[in-house]
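Trainee: Just dropping this structure here.
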Amino acid sequence: MVEHLPEMARATGTVALFDLSRTSPGIHAGACGALKVRQVLISPEAFLAEELEEFIRVSGVDALWVEYHPALIPGGVSRFLSRARSLADRCRVVPVTGDLEFLLSPHLTGEACEIVALKGSEAAGLGSPETLGLLYALLEEHFAGRPQAPGLVLYGGLATPEAAAAFFLTGARGLIFESLHWQTDLVTATEETKSRLARLTPEDTTVVGGLLGAPLRVFDRGNSLAVRELRELAGTLSGEDSPPEGARRFLLAARERAVHPLESTLGREELVFLGPEAALAESFARRYGRNTHKAIVAFQAEIQRLLNRGDEVRGQFLDSPAARDLGVKYPFIQGAMTWISDVPAFAREVAAAGALPTLALGLRTREDLRREWGDLHHLLAGRPYAVNVLALPENPHLEEQLAWVAENRPPLTVIAAGDPGVAQRLLGQNLRVMYIAPTTGLLRLALEMGVPWVALEGREAGGHVAAHSTLTLAQLALDLKRREPWLFHHRRLVLAGGSVAELDERIEQSRRGRPLWPYLLAVVLIVLAIEAKIANRNRPAAESSLRPALGR
């Protein structure tokens, strides 16, 4: 089957990236040459090895993808970029990283690395403390106006054409599937394995190693013995070693033990690198089909359709039904911030700017609210506003606050961090309510209860630590809406934190005739690992995956 992959990549305008990161590339040089493999993923150790030049010569590859972490590259950024430059006349180097020191280095230019693949906290295995959206927004701003800035590719975490189109509209150069295609036919795995993977939920992953500066996203349903042992190792190393050495030992130990998901039983004793993207693989196959070639073409076509709607989307932003529903100019809601947004004067300024202000009730009593706020309708000159209620048991004044809400009837009441039943209770009093949902389970529950406004609050939202990013939650909500549209009848979703910058500016550029996405037909790339005809049958588990990656 592997011999058909380069042909399929050419037919779909994508690139096949072969994963050699768990083996010595030199073993596969001849086979890569015979199959005309052009791009491979290799380990940091292989990248620095003297034998790499010979592999490039024999195999004929023209691009090396290398995962970067300072603990795995002695000499850090300067050593990596020096090595990349030394190979430039023979092979391109694509760093795969979420390390901010590397990404913000003044020495990282398009001359050294034409493309950089960003791995955020959503990605499987070694990722970043930051989410993909925040990394991308930061780098877009950092590289703005620089003539030799590298292009940005998104590695893992994008699982819907809507999310892909949003990033392409703001200048992204491509995306990589880690696991979205795993339920299609060119992925080598047993039916039993695919059945287990089809039952994955977004909550089946967790992050370990953050305190060491080496966050690994792995499979865990809360009872994994392997993850427990890895946490214990991380705790031990964080107390004994210097940070770089502790991170290095941690990453090497995890990599040594890891089992590839496609060769795993997802058992408690297996350490499996896995991201939430895998939980959407079955939906991808049901939507686009189980033929890999046809599914990729259909995914590309849907991205194209969405990009063609750029002007329409911009028009909806400038004349937003959601904004009209709230009675404001722009579809922006200022989030509650205790000790900041609990001041009516601050809320007045937000309202005057055209957004909806939110006043935080905090831990105030009913009497405190009467004394400090008085008549909010009058203080805000009749403009719309919202109030935020912390609906946790830790709030000793919750009942008093709810009584104050019932008495004063604010235009919108936001229920944060608690039982959506509180929102349902206010709906029964004919009050307009928004519920903040940090998980898909709470999202569904709020929708089923009839809550008209639901905010998806990811881990990057201020004052909150959720399991997933806003980007992940938004894609899960899109998938849910496609499968069960009735849940969203007369409902509106709000994204809390992590939005990508410059979207409006980029859309305006396209309206003036500037090319918005010159690489459109080469954005969905298939990354395929070398299988039995290249590696021997005792190859490391990580070699058997089928993944997507970048086109040029």
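If you're wondering about the labels, chains in the structure tokens are A, B, ... by order shown, residues count from 1 in each chain, ligands from 1 in order shown.
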Could you give me the residues within segment 44-176 of chain A that DSSP places in strand (DSSP E), as an MDAnalysis selection string?
Mentor: chainID A and resid 63:67 92:97 115:118 125:126 151:155 174:176
Trainee: Glu256 of chain A: which residues within 12 Å, counting only C-alpha atoms, same-chain residues fewer than 4 positions away excluded, as number ranges by chain?
Mentor: A: 21-23, 230, 249-252, 260, 270-273, 540-542
Trainee: Next, dump the selected residues to file, keeping only C-alpha atoms, as a PDB file, in the first residue's frame.
Mentor:
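So part_34.pdb came out as:
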```
ATOM      1  CA  SER A  21      11.573   9.712  14.047  1.00  0.00           C
ATOM      2  CA  ARG A  22      11.754   6.450  16.000  1.00  0.00           C
ATOM      3  CA  THR A  23      14.449   4.818  13.916  1.00  0.00           C
ATOM      4  CA  LEU A 230       5.181   9.470  34.217  1.00  0.00           C
ATOM      5  CA  ARG A 249      15.602  12.785  30.996  1.00  0.00           C
ATOM      6  CA  PHE A 250      11.816  13.058  31.135  1.00  0.00           C
ATOM      7  CA  LEU A 251      11.400  13.302  27.362  1.00  0.00           C
ATOM      8  CA  LEU A 252      13.818  10.467  26.635  1.00  0.00           C
ATOM      9  CA  HIS A 260       1.964   4.362  18.833  1.00  0.00           C
ATOM     10  CA  GLU A 270       0.601   1.755  27.781  1.00  0.00           C
ATOM     11  CA  LEU A 271       1.950   5.260  27.339  1.00  0.00           C
ATOM     12  CA  VAL A 272       0.303   6.652  24.199  1.00  0.00           C
ATOM     13  CA  PHE A 273       0.911  10.110  22.734  1.00  0.00           C
ATOM     14  CA  PRO A 540       9.264   0.820  16.333  1.00  0.00           C
ATOM     15  CA  ALA A 541       5.559   1.314  16.852  1.00  0.00           C
ATOM     16  CA  ALA A 542       5.588   4.994  15.922  1.00  0.00           C
TER      17      ALA A 542
END
```
Trainee: Rounded to one decimal place, report the atom CA of Pro420 of chain A-atom CA of Arg324 of chain A distance in Å.
Mentor: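 Straight-line distance from atom CA of Pro420 of chain A to atom CA of Arg324 of chain A works out to 25.2 Å.
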Trainee: Excluding Tyr385 of chain A and residues on its chain fewer than 3 positions from it, collect all residues at most 12 Å away from it, counting only C-alpha atoms, and give them as an mmCIF file with C-alpha atoms, in the first residue's frame.
Mentor:
```cif
data_model
loop_
_atom_site.group_PDB
_atom_site.id
_atom_site.type_symbol
_atom_site.label_atom_id
_atom_site.label_comp_id
_atom_site.auth_asym_id
_atom_site.auth_seq_id
_atom_site.Cartn_x
_atom_site.Cartn_y
_atom_site.Cartn_z
ATOM 1 C CA LEU A 326 -27.506 42.019 22.303
ATOM 2 C CA GLY A 327 -28.287 45.601 21.326
ATOM 3 C CA VAL A 328 -24.628 46.527 20.676
ATOM 4 C CA PHE A 332 -17.913 41.467 21.421
ATOM 5 C CA ILE A 333 -18.630 40.652 25.052
ATOM 6 C CA GLN A 334 -16.138 41.893 27.625
ATOM 7 C CA GLY A 335 -15.479 39.071 30.053
ATOM 8 C CA ALA A 336 -15.983 39.496 33.785
ATOM 9 C CA SER A 341 -15.028 45.016 35.577
ATOM 10 C CA ASP A 342 -17.106 45.406 38.719
ATOM 11 C CA PRO A 344 -19.778 50.833 36.563
ATOM 12 C CA PHE A 346 -15.422 50.854 33.395
ATOM 13 C CA ALA A 347 -18.571 49.215 32.038
ATOM 14 C CA ARG A 348 -19.752 52.580 30.688
ATOM 15 C CA GLU A 349 -16.570 52.933 28.622
ATOM 16 C CA VAL A 350 -16.902 49.421 27.194
ATOM 17 C CA ALA A 351 -20.527 50.063 26.271
ATOM 18 C CA ALA A 352 -19.652 53.407 24.675
ATOM 19 C CA GLY A 354 -19.834 49.367 21.070
ATOM 20 C CA ALA A 355 -19.297 46.131 23.022
ATOM 21 C CA LEU A 356 -21.302 44.485 25.806
ATOM 22 C CA PRO A 357 -19.731 45.086 29.249
ATOM 23 C CA THR A 358 -19.954 42.463 32.003
ATOM 24 C CA LEU A 359 -19.890 43.436 35.666
ATOM 25 C CA ALA A 360 -18.559 40.791 38.037
ATOM 26 C CA LEU A 376 -27.209 50.093 36.949
ATOM 27 C CA HIS A 377 -29.631 50.949 34.170
ATOM 28 C CA HIS A 378 -29.253 54.601 35.077
ATOM 29 C CA LEU A 379 -25.483 54.416 35.676
ATOM 30 C CA LEU A 380 -24.948 52.890 32.224
ATOM 31 C CA ALA A 381 -27.197 55.447 30.544
ATOM 32 C CA GLY A 382 -29.612 52.779 29.357
ATOM 33 C CA ASN A 388 -21.504 37.641 36.003
ATOM 34 C CA ARG A 409 -33.398 41.978 35.838
ATOM 35 C CA PRO A 410 -30.163 42.829 33.983
ATOM 36 C CA PRO A 411 -30.215 42.533 30.168
ATOM 37 C CA LEU A 412 -27.999 39.413 30.385
ATOM 38 C CA THR A 413 -26.860 37.243 33.304
ATOM 39 C CA VAL A 414 -23.721 35.138 32.839
ATOM 40 C CA ARG A 432 -31.878 36.232 29.522
ATOM 41 C CA VAL A 433 -28.946 33.963 30.415
#
```
Trainee: For the alpha helix (DSSP H) assignment from backbone DSSP, which residues of segment 67-261 of chain A qualify? Please present them as number ranges by chain.
Mentor: A: 76-86, 100-103, 132-143, 161-169, 191-198, 225-240, 243-257
Trainee: Pick out the residues sitting within 8 Å of Ala214 of chain A, and hand them over as an MDAnalysis selection string; count only C-alpha atoms, and ignore anything fewer than 5 positions along from it in its own chain.
Mentor: chainID A and resid 126:128 209 247 250:251
Trainee: When you look at Gly362 of chain A with a cut-off of 7 Å (counting only C-alpha atoms), what residues show up, excluding the ones that are within fewer than 2 positions of it in the same chain? I need them as a list in words.
Mentor: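 Final neighbour list, sorted by chain and number: Thr338, Ala360, Arg364 and Leu390 of chain A.
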Trainee: Extract, using only C-alpha atoms, all DNA, RNA and protein residues at most 8 Å from Ala234 of chain A, discarding same-chain residues fewer than 2 positions from it, and format them as number ranges by chain.
Mentor: A: 208-209, 211-212, 230-232, 236-238, 246, 250
Trainee: Would you export the selected residues with C-alpha atoms as a compact mmCIF listing (two decimals), in the first residue's frame, please?
Mentor:
```
# COMPACT_ATOMS: atom_id res chain seq x y z
CA VAL A 208 2.10 15.67 31.82
CA GLY A 209 5.47 17.35 32.34
CA LEU A 211 6.44 21.87 35.39
CA LEU A 212 9.56 20.64 33.59
CA LEU A 230 5.18 9.47 34.22
CA ARG A 231 3.77 12.08 36.61
CA GLU A 232 5.83 10.61 39.42
CA THR A 236 11.04 13.54 40.98
CA LEU A 237 13.02 15.20 38.19
CA SER A 238 11.60 18.66 38.90
CA GLY A 246 15.30 17.11 34.04
CA PHE A 250 11.82 13.06 31.13
```
Trainee: Restricting the calculation to only C-alpha atoms, which member of A:Leu495, A:Leu175, A:Ala461, A:Leu306 is positioned closest to Thr14 of chain A?
Mentor: A:Leu175
Trainee: Need the shell around segment 280-296 of chain A: protein/DNA/RNA residues with any atom at most 8 Å away, counting only C-alpha atoms. Skip same-chain ones fewer than 4 positions apart. Format as a VMD selection string?
Mentor: chain A and resid 8 12 159 179 to 186 198 276 300 476 479 524
Trainee: Of the candidates A:Ala49, A:Val40, A:Leu108, A:Val405, which one gets nearest to Glu67 of chain A if we count only C-alpha atoms?
Mentor: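 For Glu67 of chain A, the nearest of the given residues is A:Val40.
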